[in-house]
file final.pdb (PDB, C-alpha atoms, pLDDT in the B column)
ATOM      1  CA  GLY A  92     144.492 121.994 148.823  1.00 52.00           C
ATOM      2  CA  VAL A  93     145.455 124.255 145.995  1.00 50.00           C
ATOM      3  CA  VAL A  94     144.073 127.776 146.121  1.00 49.00           C
ATOM      4  CA  SER A  95     142.765 128.942 142.782  1.00 50.00           C
ATOM      5  CA  HIS A  96     143.652 132.309 141.255  1.00 49.00           C
ATOM      6  CA  HIS A  97     140.176 133.672 141.975  1.00 49.00           C
ATOM      7  CA  GLN A  98     140.420 132.711 145.657  1.00 51.00           C
ATOM      8  CA  GLN A  99     143.700 134.535 146.296  1.00 53.00           C
ATOM      9  CA  ARG A 100     143.625 137.762 148.282  1.00 51.00           C
ATOM     10  CA  PRO A 101     144.015 140.939 146.205  1.00 50.00           C
ATOM     11  CA  ALA A 102     147.496 142.360 146.019  1.00 54.00           C
ATOM     12  CA  PRO A 103     148.208 145.426 148.173  1.00 55.00           C
ATOM     13  CA  PHE A 104     148.417 147.634 145.083  1.00 54.00           C
ATOM     14  CA  PHE A 105     144.863 146.807 144.059  1.00 55.00           C
ATOM     15  CA  MET A 106     143.645 147.277 147.628  1.00 57.00           C
ATOM     16  CA  LEU A 107     145.152 150.766 147.693  1.00 56.00           C
ATOM     17  CA  ALA A 108     143.625 151.522 144.319  1.00 60.00           C
ATOM     18  CA  ARG A 109     140.190 150.502 145.561  1.00 64.00           C
ATOM     19  CA  LEU A 110     140.659 152.659 148.691  1.00 60.00           C
ATOM     20  CA  ALA A 111     141.657 155.671 146.608  1.00 58.00           C
ATOM     21  CA  THR A 112     138.632 155.191 144.351  1.00 62.00           C
ATOM     22  CA  SER A 113     136.277 154.959 147.327  1.00 60.00           C
ATOM     23  CA  CYS A 114     137.756 158.117 148.896  1.00 55.00           C
ATOM     24  CA  ALA A 115     137.480 159.960 145.591  1.00 55.00           C
ATOM     25  CA  ARG A 116     133.808 159.080 145.272  1.00 60.00           C
ATOM     26  CA  LEU A 117     133.147 160.286 148.810  1.00 53.00           C
ATOM     27  CA  ALA A 118     134.854 163.569 147.899  1.00 52.00           C
ATOM     28  CA  GLY A 119     132.745 163.908 144.755  1.00 55.00           C
ATOM     29  CA  LEU A 120     135.601 163.165 142.356  1.00 54.00           C
ATOM     30  CA  THR A 121     135.673 160.703 139.499  1.00 55.00           C
ATOM     31  CA  PRO A 122     138.272 157.911 139.524  1.00 51.00           C
ATOM     32  CA  SER A 123     139.686 159.267 136.275  1.00 54.00           C
ATOM     33  CA  ALA A 124     140.355 162.640 137.918  1.00 49.00           C
ATOM     34  CA  VAL A 125     142.305 160.899 140.649  1.00 45.00           C
ATOM     35  CA  ALA A 126     144.276 158.839 138.114  1.00 51.00           C
ATOM     36  CA  LEU A 127     145.195 161.960 136.158  1.00 48.00           C
ATOM     37  CA  GLY A 128     146.125 163.888 139.282  1.00 50.00           C
ATOM     38  CA  ARG A 129     143.333 166.429 138.805  1.00 48.00           C
ATOM     39  CA  LEU A 130     142.703 166.969 142.488  1.00 42.00           C
ATOM     40  CA  PRO A 131     141.274 170.220 143.808  1.00 44.00           C
ATOM     41  CA  ALA A 132     143.811 172.666 145.151  1.00 39.00           C
ATOM     42  CA  VAL A 133     144.174 172.434 148.902  1.00 36.00           C
ATOM     43  CA  PRO A 134     143.516 175.862 150.426  1.00 34.00           C
ATOM     44  CA  ARG A 135     146.382 177.381 152.366  1.00 35.00           C
ATOM     45  CA  VAL A 136     145.583 177.397 156.033  1.00 32.00           C
ATOM     46  CA  PHE A 137     147.200 179.427 158.783  1.00 33.00           C
ATOM     47  CA  THR A 138     149.854 177.408 160.574  1.00 33.00           C
ATOM     48  CA  ALA A 139     151.338 177.987 163.996  1.00 35.00           C
ATOM     49  CA  PRO A 140     151.683 180.423 165.526  1.00 37.00           C
ATOM     50  CA  LEU A 141     148.581 182.117 164.123  1.00 35.00           C
ATOM     51  CA  SER A 142     146.366 179.042 164.415  1.00 35.00           C
ATOM     52  CA  ALA A 143     147.248 178.945 168.096  1.00 38.00           C
ATOM     53  CA  LEU A 144     146.967 182.679 168.520  1.00 42.00           C
ATOM     54  CA  ALA A 145     144.535 182.809 171.404  1.00 42.00           C
ATOM     55  CA  ALA A 146     142.880 179.441 171.330  1.00 40.00           C
ATOM     56  CA  PRO A 147     142.439 177.912 174.761  1.00 39.00           C
ATOM     57  CA  GLY A 148     144.509 174.743 175.006  1.00 38.00           C
ATOM     58  CA  ALA A 149     146.199 175.299 171.646  1.00 40.00           C
ATOM     59  CA  PRO A 150     149.408 173.301 171.114  1.00 41.00           C
ATOM     60  CA  GLY A 151     152.604 175.288 171.405  1.00 43.00           C
ATOM     61  CA  MET A 152     150.972 178.049 173.443  1.00 43.00           C
ATOM     62  CA  HIS A 153     150.362 176.268 176.751  1.00 49.00           C
ATOM     63  CA  GLY A 154     151.323 178.237 179.804  1.00 62.00           C
ATOM     64  CA  THR A 155     151.043 181.670 178.239  1.00 82.00           C
ATOM     65  CA  THR A 156     148.602 184.548 178.543  1.00 93.00           C
ATOM     66  CA  VAL A 157     149.578 188.107 177.679  1.00 95.00           C
ATOM     67  CA  LEU A 158     147.114 191.009 177.791  1.00 97.00           C
ATOM     68  CA  CYS A 159     147.489 194.642 176.749  1.00 97.00           C
ATOM     69  CA  VAL A 160     144.884 197.280 177.672  1.00 97.00           C
ATOM     70  CA  ARG A 161     144.837 200.902 176.526  1.00 95.00           C
ATOM     71  CA  LYS A 162     142.522 203.325 178.311  1.00 94.00           C
ATOM     72  CA  GLY A 163     142.481 206.825 179.743  1.00 91.00           C
ATOM     73  CA  GLY A 164     145.976 207.806 178.676  1.00 91.00           C
ATOM     74  CA  GLU A 165     147.574 204.627 180.012  1.00 94.00           C
ATOM     75  CA  VAL A 166     148.858 201.436 178.412  1.00 96.00           C
ATOM     76  CA  PHE A 167     149.047 198.390 180.670  1.00 97.00           C
ATOM     77  CA  MET A 168     150.611 195.098 179.583  1.00 97.00           C
ATOM     78  CA  ILE A 169     150.474 192.081 181.883  1.00 97.00           C
ATOM     79  CA  ALA A 170     151.380 188.392 181.585  1.00 96.00           C
ATOM     80  CA  ASP A 171     151.310 185.338 183.798  1.00 94.00           C
ATOM     81  CA  GLY A 172     154.423 183.346 184.636  1.00 90.00           C
ATOM     82  CA  GLN A 173     153.463 179.733 183.965  1.00 89.00           C
ATOM     83  CA  VAL A 174     155.415 177.523 181.576  1.00 85.00           C
ATOM     84  CA  THR A 175     153.931 174.113 180.862  1.00 83.00           C
ATOM     85  CA  LEU A 176     155.563 171.104 179.244  1.00 80.00           C
ATOM     86  CA  GLY A 177     152.845 168.600 178.372  1.00 77.00           C
ATOM     87  CA  THR A 178     150.916 168.062 181.593  1.00 80.00           C
ATOM     88  CA  VAL A 179     153.660 169.345 183.885  1.00 84.00           C
ATOM     89  CA  THR A 180     154.222 172.921 185.047  1.00 85.00           C
ATOM     90  CA  ILE A 181     157.986 173.369 184.818  1.00 85.00           C
ATOM     91  CA  LYS A 182     158.200 177.046 185.765  1.00 86.00           C
ATOM     92  CA  GLY A 183     155.891 179.509 187.454  1.00 87.00           C
ATOM     93  CA  ASN A 184     157.736 182.816 187.301  1.00 88.00           C
ATOM     94  CA  ALA A 185     158.688 183.275 183.646  1.00 87.00           C
ATOM     95  CA  ARG A 186     158.942 186.897 182.533  1.00 89.00           C
ATOM     96  CA  LYS A 187     156.935 187.322 179.322  1.00 90.00           C
ATOM     97  CA  VAL A 188     156.641 191.127 179.357  1.00 93.00           C
ATOM     98  CA  ARG A 189     159.806 193.063 178.643  1.00 91.00           C
ATOM     99  CA  LYS A 190     160.845 196.637 178.062  1.00 91.00           C
ATOM    100  CA  LEU A 191     162.122 197.024 174.506  1.00 87.00           C
ATOM    101  CA  LYS A 192     163.293 200.616 174.872  1.00 86.00           C
ATOM    102  CA  ASP A 193     162.037 203.801 176.525  1.00 86.00           C
ATOM    103  CA  ASN A 194     158.214 203.799 176.445  1.00 90.00           C
ATOM    104  CA  VAL A 195     158.057 200.665 174.264  1.00 94.00           C
ATOM    105  CA  VAL A 196     157.132 197.329 175.830  1.00 95.00           C
ATOM    106  CA  THR A 197     156.556 193.909 174.339  1.00 94.00           C
ATOM    107  CA  GLY A 198     155.005 190.644 175.426  1.00 93.00           C
ATOM    108  CA  PHE A 199     155.337 187.248 173.786  1.00 90.00           C
ATOM    109  CA  ALA A 200     153.554 183.917 173.678  1.00 87.00           C
ATOM    110  CA  GLY A 201     155.107 180.742 172.329  1.00 81.00           C
ATOM    111  CA  GLY A 202     158.462 179.016 172.557  1.00 77.00           C
ATOM    112  CA  THR A 203     160.811 180.957 174.842  1.00 75.00           C
ATOM    113  CA  ALA A 204     163.891 180.573 172.649  1.00 77.00           C
ATOM    114  CA  ASP A 205     161.889 181.534 169.561  1.00 81.00           C
ATOM    115  CA  ALA A 206     160.396 184.559 171.293  1.00 79.00           C
ATOM    116  CA  LEU A 207     163.766 185.809 172.551  1.00 81.00           C
ATOM    117  CA  THR A 208     165.237 185.435 169.071  1.00 84.00           C
ATOM    118  CA  LEU A 209     162.388 187.520 167.660  1.00 84.00           C
ATOM    119  CA  PHE A 210     162.784 190.026 170.493  1.00 86.00           C
ATOM    120  CA  GLU A 211     166.431 190.567 169.568  1.00 87.00           C
ATOM    121  CA  ARG A 212     165.551 190.906 165.885  1.00 87.00           C
ATOM    122  CA  LEU A 213     162.842 193.456 166.724  1.00 89.00           C
ATOM    123  CA  GLU A 214     165.397 195.461 168.698  1.00 90.00           C
ATOM    124  CA  SER A 215     167.575 195.699 165.606  1.00 89.00           C
ATOM    125  CA  HIS A 216     164.618 196.958 163.544  1.00 90.00           C
ATOM    126  CA  PHE A 217     163.956 199.658 166.143  1.00 91.00           C
ATOM    127  CA  GLN A 218     167.545 200.811 165.776  1.00 89.00           C
ATOM    128  CA  GLU A 219     166.949 201.266 162.044  1.00 90.00           C
ATOM    129  CA  HIS A 220     163.380 202.611 162.366  1.00 90.00           C
ATOM    130  CA  PRO A 221     162.633 204.400 165.648  1.00 89.00           C
ATOM    131  CA  GLU A 222     158.905 204.659 164.842  1.00 91.00           C
ATOM    132  CA  THR A 223     157.036 201.703 166.354  1.00 92.00           C
ATOM    133  CA  MET A 224     154.675 201.075 163.441  1.00 93.00           C
ATOM    134  CA  ARG A 225     157.467 201.134 160.858  1.00 92.00           C
ATOM    135  CA  ALA A 226     159.730 198.893 162.928  1.00 92.00           C
ATOM    136  CA  CYS A 227     156.922 196.366 163.458  1.00 92.00           C
ATOM    137  CA  VAL A 228     156.009 196.306 159.768  1.00 92.00           C
ATOM    138  CA  GLU A 229     159.633 195.658 158.823  1.00 90.00           C
ATOM    139  CA  MET A 230     159.824 192.977 161.483  1.00 88.00           C
ATOM    140  CA  ALA A 231     156.686 191.266 160.175  1.00 87.00           C
ATOM    141  CA  LYS A 232     158.033 191.334 156.618  1.00 86.00           C
ATOM    142  CA  ALA A 233     161.294 189.718 157.688  1.00 85.00           C
ATOM    143  CA  TRP A 234     159.454 187.206 159.865  1.00 84.00           C
ATOM    144  CA  ARG A 235     157.236 186.165 156.970  1.00 82.00           C
ATOM    145  CA  THR A 236     159.898 185.932 154.275  1.00 83.00           C
ATOM    146  CA  ASP A 237     163.069 184.865 156.069  1.00 79.00           C
ATOM    147  CA  LYS A 238     163.658 181.111 155.733  1.00 76.00           C
ATOM    148  CA  TYR A 239     164.916 180.853 159.311  1.00 76.00           C
ATOM    149  CA  LEU A 240     162.590 183.291 161.083  1.00 77.00           C
ATOM    150  CA  ARG A 241     159.379 181.856 159.649  1.00 72.00           C
ATOM    151  CA  ARG A 242     160.094 178.582 161.457  1.00 76.00           C
ATOM    152  CA  LEU A 243     159.915 180.353 164.812  1.00 78.00           C
ATOM    153  CA  GLU A 244     156.656 179.821 166.670  1.00 76.00           C
ATOM    154  CA  ALA A 245     155.629 182.831 168.708  1.00 81.00           C
ATOM    155  CA  VAL A 246     153.227 185.766 168.747  1.00 87.00           C
ATOM    156  CA  MET A 247     154.182 189.217 169.995  1.00 91.00           C
ATOM    157  CA  ILE A 248     152.461 192.325 171.331  1.00 95.00           C
ATOM    158  CA  VAL A 249     154.280 195.633 170.967  1.00 95.00           C
ATOM    159  CA  ALA A 250     152.958 198.823 172.565  1.00 95.00           C
ATOM    160  CA  ASP A 251     154.109 202.403 172.958  1.00 94.00           C
ATOM    161  CA  PRO A 252     152.280 205.560 174.118  1.00 93.00           C
ATOM    162  CA  ASN A 253     150.551 205.889 170.732  1.00 92.00           C
ATOM    163  CA  VAL A 254     149.869 202.426 169.314  1.00 93.00           C
ATOM    164  CA  SER A 255     149.311 198.785 170.359  1.00 94.00           C
ATOM    165  CA  LEU A 256     150.177 196.110 167.789  1.00 94.00           C
ATOM    166  CA  MET A 257     150.101 192.338 167.474  1.00 94.00           C
ATOM    167  CA  LEU A 258     152.728 190.643 165.277  1.00 90.00           C
ATOM    168  CA  THR A 259     152.537 187.117 163.887  1.00 84.00           C
ATOM    169  CA  GLY A 260     154.749 184.903 161.770  1.00 78.00           C
ATOM    170  CA  THR A 261     152.323 185.109 158.841  1.00 79.00           C
ATOM    171  CA  GLY A 262     153.142 188.759 158.224  1.00 80.00           C
ATOM    172  CA  ASP A 263     150.247 190.250 160.171  1.00 86.00           C
ATOM    173  CA  VAL A 264     150.530 193.561 162.009  1.00 91.00           C
ATOM    174  CA  ILE A 265     147.200 194.081 163.729  1.00 92.00           C
ATOM    175  CA  GLU A 266     146.050 197.156 165.634  1.00 93.00           C
ATOM    176  CA  PRO A 267     142.790 196.498 167.523  1.00 92.00           C
ATOM    177  CA  PRO A 268     140.176 199.260 167.396  1.00 90.00           C
ATOM    178  CA  ASP A 269     139.422 199.068 171.124  1.00 91.00           C
ATOM    179  CA  GLY A 270     143.002 198.950 172.370  1.00 91.00           C
ATOM    180  CA  VAL A 271     142.678 195.447 173.871  1.00 96.00           C
ATOM    181  CA  ILE A 272     144.987 192.617 172.744  1.00 96.00           C
ATOM    182  CA  GLY A 273     145.242 189.133 174.221  1.00 95.00           C
ATOM    183  CA  ILE A 274     147.435 186.260 173.064  1.00 94.00           C
ATOM    184  CA  GLY A 275     148.294 182.777 174.256  1.00 91.00           C
ATOM    185  CA  SER A 276     146.313 179.883 175.659  1.00 89.00           C
ATOM    186  CA  GLY A 277     144.194 182.164 177.837  1.00 92.00           C
ATOM    187  CA  GLY A 278     144.023 185.030 175.359  1.00 93.00           C
ATOM    188  CA  HIS A 279     140.316 184.627 174.564  1.00 93.00           C
ATOM    189  CA  TYR A 280     139.376 184.699 178.235  1.00 96.00           C
ATOM    190  CA  ALA A 281     141.518 187.770 178.886  1.00 96.00           C
ATOM    191  CA  ILE A 282     140.129 189.670 175.885  1.00 96.00           C
ATOM    192  CA  ALA A 283     136.520 188.889 176.846  1.00 96.00           C
ATOM    193  CA  ALA A 284     137.020 189.975 180.443  1.00 97.00           C
ATOM    194  CA  ALA A 285     138.871 193.154 179.493  1.00 97.00           C
ATOM    195  CA  ARG A 286     136.281 194.176 176.915  1.00 96.00           C
ATOM    196  CA  ALA A 287     133.525 193.681 179.468  1.00 95.00           C
ATOM    197  CA  LEU A 288     135.319 196.053 181.855  1.00 96.00           C
ATOM    198  CA  VAL A 289     136.801 198.638 179.505  1.00 94.00           C
ATOM    199  CA  ASP A 290     133.619 200.758 179.439  1.00 93.00           C
ATOM    200  CA  VAL A 291     133.140 200.715 183.214  1.00 94.00           C
ATOM    201  CA  PRO A 292     133.546 204.315 184.470  1.00 94.00           C
ATOM    202  CA  GLY A 293     136.404 204.871 186.871  1.00 93.00           C
ATOM    203  CA  MET A 294     138.379 201.721 186.030  1.00 95.00           C
ATOM    204  CA  SER A 295     141.911 202.396 184.856  1.00 96.00           C
ATOM    205  CA  ALA A 296     143.827 200.330 182.297  1.00 96.00           C
ATOM    206  CA  GLU A 297     145.810 198.702 185.110  1.00 96.00           C
ATOM    207  CA  GLU A 298     142.691 197.787 187.083  1.00 97.00           C
ATOM    208  CA  ILE A 299     141.074 196.301 183.983  1.00 97.00           C
ATOM    209  CA  GLY A 300     144.191 194.328 183.102  1.00 97.00           C
ATOM    210  CA  ARG A 301     144.647 192.913 186.585  1.00 97.00           C
ATOM    211  CA  LYS A 302     140.989 191.926 186.927  1.00 97.00           C
ATOM    212  CA  ALA A 303     140.894 190.344 183.455  1.00 97.00           C
ATOM    213  CA  MET A 304     144.025 188.317 184.201  1.00 97.00           C
ATOM    214  CA  ALA A 305     142.552 187.181 187.513  1.00 96.00           C
ATOM    215  CA  VAL A 306     139.511 185.885 185.634  1.00 96.00           C
ATOM    216  CA  THR A 307     141.783 184.190 183.083  1.00 96.00           C
ATOM    217  CA  SER A 308     143.913 182.460 185.700  1.00 94.00           C
ATOM    218  CA  ASP A 309     140.724 181.080 187.276  1.00 94.00           C
ATOM    219  CA  LEU A 310     139.538 179.637 183.940  1.00 93.00           C
ATOM    220  CA  CYS A 311     142.678 178.616 182.066  1.00 92.00           C
ATOM    221  CA  ILE A 312     144.688 175.753 183.556  1.00 90.00           C
ATOM    222  CA  TYR A 313     147.781 176.959 181.685  1.00 90.00           C
ATOM    223  CA  THR A 314     147.732 180.410 183.338  1.00 92.00           C
ATOM    224  CA  ASN A 315     148.804 181.190 186.904  1.00 92.00           C
ATOM    225  CA  ALA A 316     148.518 184.271 189.090  1.00 93.00           C
ATOM    226  CA  ASN A 317     152.215 185.167 189.145  1.00 93.00           C
ATOM    227  CA  TYR A 318     152.120 188.322 187.035  1.00 95.00           C
ATOM    228  CA  THR A 319     154.694 190.599 185.470  1.00 94.00           C
ATOM    229  CA  TYR A 320     153.590 193.882 183.958  1.00 95.00           C
ATOM    230  CA  GLU A 321     154.580 197.209 182.465  1.00 95.00           C
ATOM    231  CA  LEU A 322     152.626 200.470 182.618  1.00 95.00           C
ATOM    232  CA  ILE A 323     153.321 203.456 180.362  1.00 92.00           C
ATOM    233  CA  LYS A 324     151.579 206.776 179.858  1.00 85.00           C
ATOM    234  CA  GLU A 325     150.240 207.843 176.482  1.00 73.00           C
ATOM    235  CA  ASP A 326     151.927 211.229 176.973  1.00 66.00           C
ATOM    236  CA  GLY A 327     155.288 209.474 177.024  1.00 55.00           C
ATOM    237  CA  GLY A 328     155.780 209.046 180.761  1.00 54.00           C
ATOM    238  CA  LYS A 329     156.565 205.537 181.993  1.00 55.00           C
ATOM    239  CA  ALA A 330     154.623 204.742 185.131  1.00 57.00           C
ATOM    240  CA  GLY A 331     156.514 201.608 186.155  1.00 61.00           C
ATOM    241  CA  GLY A 332     156.510 197.836 186.034  1.00 65.00           C
ATOM    242  CA  ASP A 333     157.251 194.618 187.838  1.00 68.00           C
TER     243      ASP A 333
END

call {"tool": "encode", "arguments": {"input": "final.pdb", "output": "structure tokens"}}
result
Amino acid sequence: GVVSHHQQRPAPFFMLARLATSCARLAGLTPSAVALGRLPAVPRVFTAPLSALAAPGAPGMHGTTVLCVRKGGEVFMIADGQVTLGTVTIKGNARKVRKLKDNVVTGFAGGTADALTLFERLESHFQEHPETMRACVEMAKAWRTDKYLRRLEAVMIVADPNVSLMLTGTGDVIEPPDGVIGIGSGGHYAIAAARALVDVPGMSAEEIGRKAMAVTSDLCIYTNANYTYELIKEDGGKAGGD
């Protein structure tokens, strides 16, 4: 038989229009506002790497936990060695803590190539500005504004005998009040464990860092117990590393 005009299915355009109208009403907007393009401004949200800063299981940060503890004249930075690709552990002895220069160490979470690129750029800023705070601020400014650098997904910790800082690709340079910084997929676990131990009398920064990382490796499936670390003294003496 012949199908009348009223029995024909609506054209895709009208179906999309009806869908847009229904969505607008659910959002509390009038159809006229949608037609005129008067939509509310979408708030700017933090994108990677900051959104993945220390969130357990966050995409792009799997297989990374870096912890820095400052206590009793010592600064101890430790990281695990696991690198995970999807559901497969592809490496277990990655070195995520590195010596930047005398008495300055850094740790990174995120893509290895991205982190090494940022590490090299940070080295150049230290050549121009020997002071750690100034070099990190200049690095964060370049990271935030440079068209190439801001595509790199990583988070860094930089520490010297006087200051511990966290750098992100959104221009943040953060100094924690308690001297404890944790980044990566197990960062929240490491921070919680370290803060619980930092006030325990007789525990050194190294003991706190090692115990906190042991707790993290037990909880976070993206963190192993193959650690690398650096230990420096707040008076300028480097104690050693592995």

call {"tool": "closest_residue", "arguments": {"input": "final.pdb", "among": "A:Ala245, A:Val188, A:Val160, A:Val179", "to": "Thr203 in chain A", "atoms": "only C-alpha atoms"}}
result
A:Ala245

call {"tool": "closest_residue", "arguments": {"input": "final.pdb", "among": "A:Thr156, A:Ala231, A:Lys182, A:Lys187", "to": "Thr319 in chain A", "atoms": "all atoms listed in the file"}}
result
A:Lys187

call {"tool": "atom_distance", "arguments": {"input": "final.pdb", "atom1": "CA of Leu310 in chain A", "atom2": "CA of Ala281 in chain A"}}
result
9.8 Å

call {"tool": "closest_residue", "arguments": {"input": "final.pdb", "among": "A:Ala226, A:Ala284, A:Ile323, A:Ile181", "to": "Leu258 in chain A", "atoms": "only C-alpha atoms"}}
result
A:Ala226

call {"tool": "closest_residue", "arguments": {"input": "final.pdb", "among": "A:Leu207, A:Pro292, A:Thr307, A:Tyr318", "to": "Met247 in chain A", "atoms": "only C-alpha atoms"}}
result
A:Leu207

call {"tool": "closest_residue", "arguments": {"input": "final.pdb", "among": "A:Asp171, A:Glu229, A:Glu244, A:Glu321", "to": "Ala204 in chain A", "atoms": "all atoms listed in the file"}}
result
A:Glu244

call {"tool": "resolve_selection", "arguments": {"input": "final.pdb", "expression": "the PyMOL selection byres ((chain A and resi 232) around 12)", "output": "list in words"}}
result
Arg212, Leu213, His216, Arg225, Ala226, Cys227, Val228, Glu229, Met230, Ala231, Ala233, Trp234, Arg235, Thr236, Asp237, Lys238, Leu240, Arg241, Leu258, Thr259, Gly260, Thr261, Gly262, Asp263 and Val264 of chain A

call {"tool": "closest_residue", "arguments": {"input": "final.pdb", "among": "A:Glu165, A:Asp290, A:Asp251, A:Glu219", "to": "Lys192 in chain A", "atoms": "all atoms listed in the file"}}
result
A:Asp251

call {"tool": "resolve_selection", "arguments": {"input": "final.pdb", "expression": "the PyMOL selection byres ((chain A and resi 256) around 9)", "output": "PDB file with C-alpha atoms, keeping the file's coordinate frame"}}
result
ATOM      1  CA  THR A 223     157.036 201.703 166.354  1.00 92.00           C
ATOM      2  CA  MET A 224     154.675 201.075 163.441  1.00 93.00           C
ATOM      3  CA  CYS A 227     156.922 196.366 163.458  1.00 92.00           C
ATOM      4  CA  MET A 247     154.182 189.217 169.995  1.00 91.00           C
ATOM      5  CA  ILE A 248     152.461 192.325 171.331  1.00 95.00           C
ATOM      6  CA  VAL A 249     154.280 195.633 170.967  1.00 95.00           C
ATOM      7  CA  ALA A 250     152.958 198.823 172.565  1.00 95.00           C
ATOM      8  CA  VAL A 254     149.869 202.426 169.314  1.00 93.00           C
ATOM      9  CA  SER A 255     149.311 198.785 170.359  1.00 94.00           C
ATOM     10  CA  MET A 257     150.101 192.338 167.474  1.00 94.00           C
ATOM     11  CA  LEU A 258     152.728 190.643 165.277  1.00 90.00           C
ATOM     12  CA  VAL A 264     150.530 193.561 162.009  1.00 91.00           C
ATOM     13  CA  ILE A 265     147.200 194.081 163.729  1.00 92.00           C
ATOM     14  CA  GLU A 266     146.050 197.156 165.634  1.00 93.00           C
ATOM     15  CA  PRO A 267     142.790 196.498 167.523  1.00 92.00           C
ATOM     16  CA  GLY A 270     143.002 198.950 172.370  1.00 91.00           C
ATOM     17  CA  ILE A 272     144.987 192.617 172.744  1.00 96.00           C
TER      18      ILE A 272
END

call {"tool": "resolve_selection", "arguments": {"input": "final.pdb", "expression": "the PyMOL selection byres ((chain A and resi 311) around 10)", "output": "MDAnalysis selection string"}}
result
chainID A and resid 147:148 153:156 276:281 306:310 312:315

call {"tool": "atom_distance", "arguments": {"input": "final.pdb", "atom1": "CA of His220 in chain A", "atom2": "CA of Arg189 in chain A"}}
result
19.2 Å

call {"tool": "atom_distance", "arguments": {"input": "final.pdb", "atom1": "CA of Pro268 in chain A", "atom2": "CA of Ile169 in chain A"}}
result
19.2 Å

call {"tool": "residues_around", "arguments": {"input": "final.pdb", "residues": "Ile282 in chain A", "least_positions_apart": "3", "cutoff": "10 Å", "atoms": "all atoms listed in the file", "output": "VMD selection string"}}
result
chain A and resid 145 157 to 160 271 to 274 277 to 279 285 to 288 300 303 to 304 307

call {"tool": "write_last_selection", "arguments": {"input": "final.pdb", "atoms": "C-alpha atoms", "output": "mmCIF file, in the coordinates of the input"}}
result
data_model
loop_
_atom_site.group_PDB
_atom_site.id
_atom_site.type_symbol
_atom_site.label_atom_id
_atom_site.label_comp_id
_atom_site.auth_asym_id
_atom_site.auth_seq_id
_atom_site.Cartn_x
_atom_site.Cartn_y
_atom_site.Cartn_z
ATOM 1 C CA ALA A 145 144.535 182.809 171.404
ATOM 2 C CA VAL A 157 149.578 188.107 177.679
ATOM 3 C CA LEU A 158 147.114 191.009 177.791
ATOM 4 C CA CYS A 159 147.489 194.642 176.749
ATOM 5 C CA VAL A 160 144.884 197.280 177.672
ATOM 6 C CA VAL A 271 142.678 195.447 173.871
ATOM 7 C CA ILE A 272 144.987 192.617 172.744
ATOM 8 C CA GLY A 273 145.242 189.133 174.221
ATOM 9 C CA ILE A 274 147.435 186.260 173.064
ATOM 10 C CA GLY A 277 144.194 182.164 177.837
ATOM 11 C CA GLY A 278 144.023 185.030 175.359
ATOM 12 C CA HIS A 279 140.316 184.627 174.564
ATOM 13 C CA ALA A 285 138.871 193.154 179.493
ATOM 14 C CA ARG A 286 136.281 194.176 176.915
ATOM 15 C CA ALA A 287 133.525 193.681 179.468
ATOM 16 C CA LEU A 288 135.319 196.053 181.855
ATOM 17 C CA GLY A 300 144.191 194.328 183.102
ATOM 18 C CA ALA A 303 140.894 190.344 183.455
ATOM 19 C CA MET A 304 144.025 188.317 184.201
ATOM 20 C CA THR A 307 141.783 184.190 183.083
#

call {"tool": "axis_aligned_box", "arguments": {"input": "final.pdb", "around": "range 188-207 of chain A", "padding_each_side": "6 Å", "output": "AutoDock Vina command-line options"}}
result
--center_x 158.7 --center_y 191.4 --center_z 174.5 --size_x 22.3 --size_y 36.8 --size_z 21.8
